[in-house]
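> Structure provided below as structure tokens; questions to follow.
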Amino acid sequence: MAQAAVEHHGGGSEHATSTGLPSTKLAMWLFLASDCLFFGALITSYVLYRGASVQGPFPRDVFDIPYTSVSSFVLLGSSLTMVLAVAAAQRRDLGRMRIWLLATAMLGMTFVGGQVYEFTRFYNEGLSLSKNLFGSTFFVLTGFHGAHVAIGILMLLSLVSFSYADKLPEDAGFPVEMIGLYWHFVDIVWIVIFTVVYLIPTGNPGK
Amino acid sequence: MAETELSEKSQAHGAGRAHPGTKEYVRIGVILAVITAAEVATYYVQKDLGAWLRPILFSLSGLKFTLVVLWFMHLRFDSRLYSRFFLIGVCGAVTLYLIVLMTFRVFAR
Amino acid sequence: MSSVSVPAEERPGLLRRPTAVTGLWSWFTTVDHKKIGILYGLTAFVFFLVGGLEALLIRSQLAQPNGKLLTAAQYDQVFTMHGLTMVFLFVMPMSAAFLNYMIPLMIGARDVAFPRLNAFSYWLFLFGGLFLYSSFFLGGAPNGGWFGYAPNSTTDPSPGMTFYALGLLLAGIASTAGAINLGVTVLNMRAPGMSFFRVPVFVWMGLVVQMLLAFSLPIITVALIELLFDRRFGTHFFDPAVGGDPLLWQHLFWLFGHPEVYILILPAFGIFSEVLPVFSRKPLFGYQFVVFSGISIGFIGFGVWAHHMFAVGLGPVANTAFGISTAIIAVPTGVKIFNWMATMHGGDLRFTTAMLFSVGGVMNFVIGGLSGVTHAIVPADYQQTDTYYIVAHFHYVLFGGAVLGIFSGLFYWWPKVFGRMLGEKLGKVQFWLMVIGLNLTFGPMHILGLQGMIRRTYTYPASLGLTFWNQVATVGSFTIAAGVLVFVVNAVSSLRGPKDAPADPWDGRTLEWMTSSPPPVHNFDEIPTVHALDEFWHRKYTEDKSGRPVPVQAGASEQPHPGGGGHEIHLPGPSYWPLVGALGLQLVGYGIIYGWWLAFVGAALLLVGVFGWALEPSAE
């Protein structure tokens, strides 16, 4: 991801391409399309084992919907700040771009921080990777999503520091747009997870 | 009507039509927030919604998904080729995994 | 490049790009698709020899009843590693070698879309392969079959299947990066005038394969992650004791595994489609049919996975549906066979070694394809599944089809890559040894399977009456090995000989024959403008009234330009960061087995690689 965005920096955009589209953007969309099948398989594992755990804690026992809703608003908000950063970068307004990129990174960190807190709480309530199928599928699915967010934060902060070091290409809008695509993708994955994992109630066995 | 107008426009301008401005983005952001609020609201009226809960939730999150992809990820304004790739990914994933889940009779439970 | 405001020389030494373009070090830092292609090919061939030795061990063990050469535990490791090696470390990277080397030449490009990502893919594939093989010295190799069925794979106490999960994850990341890279290359880097229907079939098949990889690898990635977590972190994805379902593994594996079969065979189909027209001196019959059938194989290939699982009890509806889709996928494949036959029909045939391997490849593939269709009949499959009949089937497809196709490609493109011809006499000896050997080895396995010999059995009692055909198969396998040995002799003596191959030794049809052999580092002094399918042919020949090709009058044709010019052409500079990043990822893999500190070291190295990569100045 970072690599793809950076290849552009090393060349590529200056050559006319057969489709007329920048190679890096094509590669990014291909990667995101491929990542759909990645998260699809993780979500499928979760759905398959929904309500199949033989011992608790069950989703109903640990989920705190109002808390996770706040996290969802935070991540959704970060998509808005991200798109504003792209717009600023495309206008070559580097100052605004940095502000919005930093805001996006901060919101992302809030989300990941919230997730770390949530994981800790669940763990203290007895839910672990090995406790039951719910623990296995929940932690692996949301954990890999969180890792995607973390990588995104790293890329956002790199963008900001590259921009201070004057290492962004003249058309700074392009790398920012690429990382934006990645960021929004992580957001839409969460849109699905929030619904499938949190909002649709799971019947616990024996209840 | 606005729909057809826009798509005609995007055809006329071909790939790379100008992306929308700040106002447009904020408007989409507000819509997304409202939908999310509606989603969260279903949590408090789960029992009253009964069998409607799942269709409502899937429509709402599908709407959010579509809005982000079309506006924030610019698929509405960019070349069709990107959309095709992404559609293959999304539709492929949904189809394949639904078949897998059906062979486990997950939806009959 | 506009971004780099300071010239490269003034930058801190650490970030300076390496400059060597010759010598040993240049191979470590190269981003040239041709060098990377050779590296892929050489590495894959070494793995082919190792996997072949494993096959000989298997056949020696089974040469007589109650074989004592290997213990059951050793046998499990050997057949698992044989499968993994041939699929992931030989056929896939060998196809990657051809695609890497040939795609830019065939579409008239100077390199792939992302040269450094290309190098990263190669190094990560190499480190993934070495990672898998290091397991032999670190407590035992993978022993659960290349399909790694759970819960056998999750509960086995030896570390082998952990190496399996991590090694394939590494190779998978390499292939995903490669798939996106080569896919974008075909879409975006074509020479002026090369519309999609002027793209050579080999490149088309390459594009389909990259799409299959991009959409199937993430599925196996998740399966491997779940397997890894089950083994290493105590999750229960495939643990029936607490409600998990091992069938989930089978679904995820075959959702990837069946497209994978087409990933292995389609490059060979592409090679057949290049070689047959050249040595028939006729255009490929029904180019568009071949292309579209390749694309439809790609799509339908995603809809047949459960035919690997007929016996697990999916129920009559699923079994019927997947039986039908399996029968349907034979149709586009059959279309191709007829197109190849029609290409040869009435042609001016030249049976060079490359041609022999293609014709032999098509014929043996047809045998494997037909036995494959018998699996679409569910009740018949109940009888055949997990017997040697299946082993016979997929070896006809993969050895008869893919491996013969690869050798066809090697003989066809060798002069282009190395500037030297391979010996035709030795080549023909090799061809006959391999074709006779493969039919002796895999033909009897049909009979063994129908007699009830189960797959993966490490021995059998004499009373079962399986001895004779097993002995025939063993003789056959050593015949194949002799053929491979002949190839090694041929290759070594060719590489020692003078560089005397002409630019266009076969009277070729596609762009790669327009440039010198081997091509200059920038591929083409001048990027050709394409006016037709088989562009180079049309520059050399026109047709007379009866449709026979006649050479274009002297002076009017454009002869191949030898390399020599093109000094001012800007090429991407070499880089060592892809190597650093790939090494970091491999260390992360070891770290997951041996301790977090090592994983952190690996992750740090990966980060150094990524940031070095990002901040690297472009070469001036």
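Chain identifiers are assigned as A, B, and so on, following the order in which chains appear in the structure tokens; residues are numbered from 1 within each chain, and ligands are numbered from 1 in order of appearance.
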With a cut-off of 9 Å and counting only C-alpha atoms, select all residues of chain B in contact with chain C and give the selection as a PyMOL selection string.

chain B and resi 88-89+92-93+96+100+103-104

> Could you dump the residues just selected with all heavy atoms as a PDB file, in the first residue's frame?


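Below you can see again28.pdb, which holds the result:
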```pdb
ATOM      1  N   ILE B  88     -16.219  -6.486  -9.104  1.00  0.00           N
ATOM      2  CA  ILE B  88     -15.868  -7.909  -9.170  1.00  0.00           C
ATOM      3  C   ILE B  88     -15.475  -8.394  -7.779  1.00  0.00           C
ATOM      4  O   ILE B  88     -15.899  -9.461  -7.336  1.00  0.00           O
ATOM      5  CB  ILE B  88     -14.711  -8.148 -10.176  1.00  0.00           C
ATOM      6  CG1 ILE B  88     -15.184  -7.871 -11.604  1.00  0.00           C
ATOM      7  CG2 ILE B  88     -14.206  -9.586 -10.081  1.00  0.00           C
ATOM      8  CD1 ILE B  88     -14.089  -8.007 -12.637  1.00  0.00           C
ATOM      9  N   GLY B  89     -14.686  -7.586  -7.073  1.00  0.00           N
ATOM     10  CA  GLY B  89     -14.268  -7.967  -5.732  1.00  0.00           C
ATOM     11  C   GLY B  89     -15.448  -8.127  -4.788  1.00  0.00           C
ATOM     12  O   GLY B  89     -15.605  -9.161  -4.148  1.00  0.00           O
ATOM     13  N   GLY B  92     -18.063 -10.740  -6.135  1.00  0.00           N
ATOM     14  CA  GLY B  92     -17.447 -12.066  -6.058  1.00  0.00           C
ATOM     15  C   GLY B  92     -17.436 -12.559  -4.625  1.00  0.00           C
ATOM     16  O   GLY B  92     -17.834 -13.685  -4.336  1.00  0.00           O
ATOM     17  N   ALA B  93     -16.999 -11.678  -3.721  1.00  0.00           N
ATOM     18  CA  ALA B  93     -16.922 -12.083  -2.322  1.00  0.00           C
ATOM     19  C   ALA B  93     -18.309 -12.456  -1.806  1.00  0.00           C
ATOM     20  O   ALA B  93     -18.505 -13.517  -1.215  1.00  0.00           O
ATOM     21  CB  ALA B  93     -16.316 -10.959  -1.488  1.00  0.00           C
ATOM     22  N   LEU B  96     -19.595 -15.848  -3.523  1.00  0.00           N
ATOM     23  CA  LEU B  96     -18.872 -17.056  -3.107  1.00  0.00           C
ATOM     24  C   LEU B  96     -19.174 -17.404  -1.654  1.00  0.00           C
ATOM     25  O   LEU B  96     -19.498 -18.548  -1.325  1.00  0.00           O
ATOM     26  CB  LEU B  96     -17.364 -16.864  -3.292  1.00  0.00           C
ATOM     27  CG  LEU B  96     -16.855 -16.793  -4.718  1.00  0.00           C
ATOM     28  CD1 LEU B  96     -15.340 -16.651  -4.727  1.00  0.00           C
ATOM     29  CD2 LEU B  96     -17.244 -18.054  -5.479  1.00  0.00           C
ATOM     30  N   VAL B 100     -20.980 -20.607   0.236  1.00  0.00           N
ATOM     31  CA  VAL B 100     -20.338 -21.399   1.298  1.00  0.00           C
ATOM     32  C   VAL B 100     -21.279 -21.505   2.500  1.00  0.00           C
ATOM     33  O   VAL B 100     -21.539 -22.597   3.017  1.00  0.00           O
ATOM     34  CB  VAL B 100     -19.003 -20.761   1.723  1.00  0.00           C
ATOM     35  CG1 VAL B 100     -18.475 -21.413   2.990  1.00  0.00           C
ATOM     36  CG2 VAL B 100     -17.975 -20.892   0.612  1.00  0.00           C
ATOM     37  N   THR B 103     -24.133 -23.855   1.973  1.00  0.00           N
ATOM     38  CA  THR B 103     -23.844 -25.290   2.085  1.00  0.00           C
ATOM     39  C   THR B 103     -23.784 -25.714   3.548  1.00  0.00           C
ATOM     40  O   THR B 103     -23.956 -26.880   3.854  1.00  0.00           O
ATOM     41  CB  THR B 103     -22.507 -25.674   1.398  1.00  0.00           C
ATOM     42  OG1 THR B 103     -21.442 -25.048   2.089  1.00  0.00           O
ATOM     43  CG2 THR B 103     -22.500 -25.290  -0.054  1.00  0.00           C
ATOM     44  N   PHE B 104     -23.536 -24.769   4.449  1.00  0.00           N
ATOM     45  CA  PHE B 104     -23.585 -25.090   5.881  1.00  0.00           C
ATOM     46  C   PHE B 104     -25.000 -24.918   6.443  1.00  0.00           C
ATOM     47  O   PHE B 104     -25.210 -25.064   7.633  1.00  0.00           O
ATOM     48  CB  PHE B 104     -22.640 -24.173   6.670  1.00  0.00           C
ATOM     49  CG  PHE B 104     -21.192 -24.527   6.545  1.00  0.00           C
ATOM     50  CD1 PHE B 104     -20.358 -23.813   5.713  1.00  0.00           C
ATOM     51  CD2 PHE B 104     -20.658 -25.588   7.273  1.00  0.00           C
ATOM     52  CE1 PHE B 104     -19.010 -24.134   5.606  1.00  0.00           C
ATOM     53  CE2 PHE B 104     -19.317 -25.913   7.176  1.00  0.00           C
ATOM     54  CZ  PHE B 104     -18.496 -25.193   6.337  1.00  0.00           C
TER      55      PHE B 104
END
```

> Which chain B residues are at most 8 Å from chain A (counting only C-alpha atoms), as number ranges by chain?

B: 21-22, 25-26, 29, 32-33, 36, 39-40, 43, 53-54, 57-58, 61, 64-65, 68-69, 72-73, 79, 82, 85-90, 92-94, 97, 101, 104, 106

> Could you list, with a cut-off of 6 Å and counting only C-alpha atoms, the residues of chain A near chain C, each shown with its nearest atom pair and the distance in Å rounded to one decimal, rows sorted by chain and ascending number, as a Markdown table?


```
| residue | atom | partner | partner_atom | distance |
| --- | --- | --- | --- | --- |
| A:Val6 | CA | C:Ala614 | CA | 5.4 |
| A:Gly10 | CA | C:Ser618 | CA | 5.8 |
| A:Gly11 | CA | C:Met1 | CA | 5.9 |
| A:Thr17 | CA | C:Asn188 | CA | 4.9 |
| A:Ser18 | CA | C:Asn188 | CA | 4.5 |
| A:Thr19 | CA | C:Asn188 | CA | 5.6 |
| A:Ala27 | CA | C:Ile180 | CA | 5.9 |
| A:Ser34 | CA | C:Phe215 | CA | 5.2 |
| A:Leu37 | CA | C:Pro218 | CA | 5.8 |
| A:Phe38 | CA | C:Pro218 | CA | 4.7 |
| A:Ala52 | CA | C:Gly243 | CA | 5.9 |
| A:Leu129 | CA | C:Thr235 | CA | 5.4 |
| A:Ser130 | CA | C:Thr235 | CA | 4.6 |
| A:Leu133 | CA | C:His236 | CA | 5.9 |
| A:Ser136 | CA | C:Thr235 | CA | 5.0 |
| A:Pro169 | CA | C:Ser3 | CA | 4.1 |
| A:Glu170 | CA | C:Ser3 | CA | 5.7 |
```

> Deliver the residues from the most recent selection as a file, using all heavy atoms, as a compact mmCIF listing (two decimals), in the first residue's frame.


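What follows is the written file result12.txt:
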```txt
# COMPACT_ATOMS: atom_id res chain seq x y z
N VAL A 6 4.14 4.87 -3.21
CA VAL A 6 5.45 5.47 -3.32
C VAL A 6 6.08 5.20 -4.68
O VAL A 6 6.85 5.99 -5.19
CB VAL A 6 6.30 4.95 -2.15
CG1 VAL A 6 7.75 5.06 -2.47
CG2 VAL A 6 5.96 5.75 -0.91
N GLY A 10 8.27 7.45 -7.41
CA GLY A 10 9.51 7.14 -8.11
C GLY A 10 9.38 7.21 -9.62
O GLY A 10 10.33 6.99 -10.33
N GLY A 11 8.23 7.44 -10.13
CA GLY A 11 8.08 7.49 -11.58
C GLY A 11 6.76 6.87 -11.96
O GLY A 11 6.03 6.39 -11.13
N THR A 17 -0.15 6.10 -20.06
CA THR A 17 -0.47 4.68 -19.94
C THR A 17 -1.51 4.29 -20.98
O THR A 17 -2.20 5.16 -21.52
CB THR A 17 -1.02 4.37 -18.55
OG1 THR A 17 -2.20 5.14 -18.35
CG2 THR A 17 0.00 4.71 -17.48
N SER A 18 -1.62 2.98 -21.24
CA SER A 18 -2.53 2.52 -22.29
C SER A 18 -3.98 2.86 -21.98
O SER A 18 -4.76 3.18 -22.87
CB SER A 18 -2.40 1.02 -22.48
OG SER A 18 -1.06 0.64 -22.52
N THR A 19 -4.36 2.75 -20.69
CA THR A 19 -5.75 3.03 -20.34
C THR A 19 -5.95 4.51 -20.05
O THR A 19 -7.08 4.95 -19.89
CB THR A 19 -6.16 2.26 -19.08
OG1 THR A 19 -5.22 2.58 -18.06
CG2 THR A 19 -6.16 0.76 -19.31
N ALA A 27 -3.58 -0.18 -9.52
CA ALA A 27 -3.06 -1.20 -8.61
C ALA A 27 -3.78 -1.12 -7.27
O ALA A 27 -4.13 -2.15 -6.68
CB ALA A 27 -1.56 -1.02 -8.41
N SER A 34 -9.18 -7.14 -4.11
CA SER A 34 -8.66 -8.40 -3.58
C SER A 34 -8.90 -8.48 -2.07
O SER A 34 -9.27 -9.53 -1.53
CB SER A 34 -7.18 -8.49 -3.95
OG SER A 34 -6.48 -9.31 -3.10
N LEU A 37 -12.14 -9.95 -0.63
CA LEU A 37 -12.25 -11.39 -0.41
C LEU A 37 -11.56 -11.79 0.88
O LEU A 37 -11.95 -12.77 1.51
CB LEU A 37 -11.67 -12.16 -1.61
CG LEU A 37 -12.66 -12.11 -2.76
CD1 LEU A 37 -12.12 -11.37 -3.94
CD2 LEU A 37 -13.12 -13.50 -3.12
N PHE A 38 -10.56 -11.01 1.28
CA PHE A 38 -9.88 -11.27 2.55
C PHE A 38 -10.85 -11.06 3.71
O PHE A 38 -11.11 -11.97 4.50
CB PHE A 38 -8.67 -10.36 2.67
CG PHE A 38 -7.92 -10.48 3.96
CD1 PHE A 38 -6.94 -11.44 4.12
CD2 PHE A 38 -8.20 -9.62 5.02
CE1 PHE A 38 -6.26 -11.55 5.32
CE2 PHE A 38 -7.52 -9.73 6.22
CZ PHE A 38 -6.54 -10.70 6.37
N ALA A 52 -22.61 -20.52 17.82
CA ALA A 52 -22.16 -21.91 17.89
C ALA A 52 -21.25 -22.17 19.07
O ALA A 52 -20.84 -23.30 19.29
CB ALA A 52 -21.45 -22.29 16.59
N LEU A 129 -9.03 -15.41 22.94
CA LEU A 129 -8.95 -16.10 21.65
C LEU A 129 -9.35 -17.57 21.78
O LEU A 129 -10.00 -18.13 20.91
CB LEU A 129 -7.50 -16.04 21.13
CG LEU A 129 -7.07 -14.90 20.24
CD1 LEU A 129 -5.59 -14.99 19.96
CD2 LEU A 129 -7.84 -14.94 18.91
N SER A 130 -8.92 -18.18 22.88
CA SER A 130 -9.10 -19.62 23.01
C SER A 130 -10.32 -20.00 23.84
O SER A 130 -10.59 -21.17 24.02
CB SER A 130 -7.85 -20.24 23.62
OG SER A 130 -7.54 -19.58 24.83
N LEU A 133 -15.62 -20.18 20.34
CA LEU A 133 -15.61 -19.81 18.93
C LEU A 133 -15.88 -18.32 18.75
O LEU A 133 -15.33 -17.69 17.84
CB LEU A 133 -16.67 -20.61 18.17
CG LEU A 133 -16.24 -22.02 17.78
CD1 LEU A 133 -17.42 -22.78 17.21
CD2 LEU A 133 -15.11 -21.97 16.76
N SER A 136 -12.58 -16.60 19.27
CA SER A 136 -11.68 -16.82 18.14
C SER A 136 -12.06 -15.95 16.96
O SER A 136 -11.25 -15.21 16.41
CB SER A 136 -11.74 -18.29 17.71
OG SER A 136 -11.33 -19.14 18.75
N PRO A 169 5.62 14.48 -3.88
CA PRO A 169 5.71 14.96 -5.26
C PRO A 169 4.96 16.28 -5.39
O PRO A 169 4.15 16.64 -4.53
CB PRO A 169 5.06 13.86 -6.07
CG PRO A 169 4.25 13.08 -5.10
CD PRO A 169 4.89 13.22 -3.77
N GLU A 170 5.22 16.97 -6.46
CA GLU A 170 4.57 18.26 -6.67
C GLU A 170 3.05 18.11 -6.62
O GLU A 170 2.35 18.90 -6.03
CB GLU A 170 4.99 18.81 -8.04
CG GLU A 170 5.04 20.31 -8.08
CD GLU A 170 5.92 20.72 -9.25
OE1 GLU A 170 7.15 20.52 -9.19
OE2 GLU A 170 5.34 21.20 -10.24
```

> Write out as JSON, numbers by chain the set of residues from segment 11-148 of chain A that DSSP, computed on the backbone, places in alpha helix (DSSP H).

{"A": [23, 24, 25, 26, 27, 28, 29, 30, 31, 32, 33, 34, 35, 36, 37, 38, 39, 40, 41, 42, 43, 44, 45, 46, 47, 48, 59, 60, 61, 62, 65, 66, 67, 68, 69, 70, 71, 72, 73, 74, 75, 76, 77, 78, 79, 80, 81, 82, 83, 84, 85, 86, 87, 88, 89, 90, 94, 95, 96, 97, 98, 99, 100, 101, 102, 103, 104, 105, 106, 107, 108, 109, 110, 111, 112, 113, 114, 115, 116, 117, 118, 119, 120, 121, 122, 123, 124, 133, 134, 135, 136, 137, 138, 139, 140, 141, 142, 143, 144, 145, 146, 147, 148]}

> Neighbours of segment 460-477 of chain C within 6 Å (only C-alpha atoms; same-chain residues fewer than 5 positions away dropped), as a list in words?

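Selected residues are Arg59, Ala63, Pro65, Asn66, Gly437, Leu440, Thr441 and Pro444 of chain C.
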
> Now that the selection is made, can you save its residues with N, CA and C atoms as a short mmCIF file (atom, residue, chain, number, x, y, z; two decimals), in the first residue's frame?


```cif
data_model
loop_
_atom_site.label_atom_id
_atom_site.label_comp_id
_atom_site.auth_asym_id
_atom_site.auth_seq_id
_atom_site.Cartn_x
_atom_site.Cartn_y
_atom_site.Cartn_z
N ARG C 59 8.44 -42.83 -5.31
CA ARG C 59 8.32 -43.98 -6.22
C ARG C 59 9.23 -45.13 -5.78
N ALA C 63 8.06 -48.98 -4.83
CA ALA C 63 8.48 -49.89 -5.90
C ALA C 63 8.19 -51.34 -5.55
N PRO C 65 6.11 -54.05 -2.46
CA PRO C 65 5.23 -54.06 -1.28
C PRO C 65 6.06 -53.94 -0.01
N ASN C 66 5.47 -53.39 1.01
CA ASN C 66 6.12 -53.23 2.31
C ASN C 66 7.47 -52.55 2.21
N GLY C 437 8.08 -41.52 -20.26
CA GLY C 437 8.17 -41.65 -18.81
C GLY C 437 6.88 -41.24 -18.12
N LEU C 440 4.24 -43.87 -18.61
CA LEU C 440 4.53 -45.06 -17.81
C LEU C 440 4.25 -44.80 -16.33
N THR C 441 4.54 -43.59 -15.87
CA THR C 441 4.36 -43.29 -14.45
C THR C 441 2.88 -43.12 -14.10
N PRO C 444 -0.46 -46.06 -15.41
CA PRO C 444 -0.84 -47.16 -14.54
C PRO C 444 -1.58 -46.72 -13.28
#
```
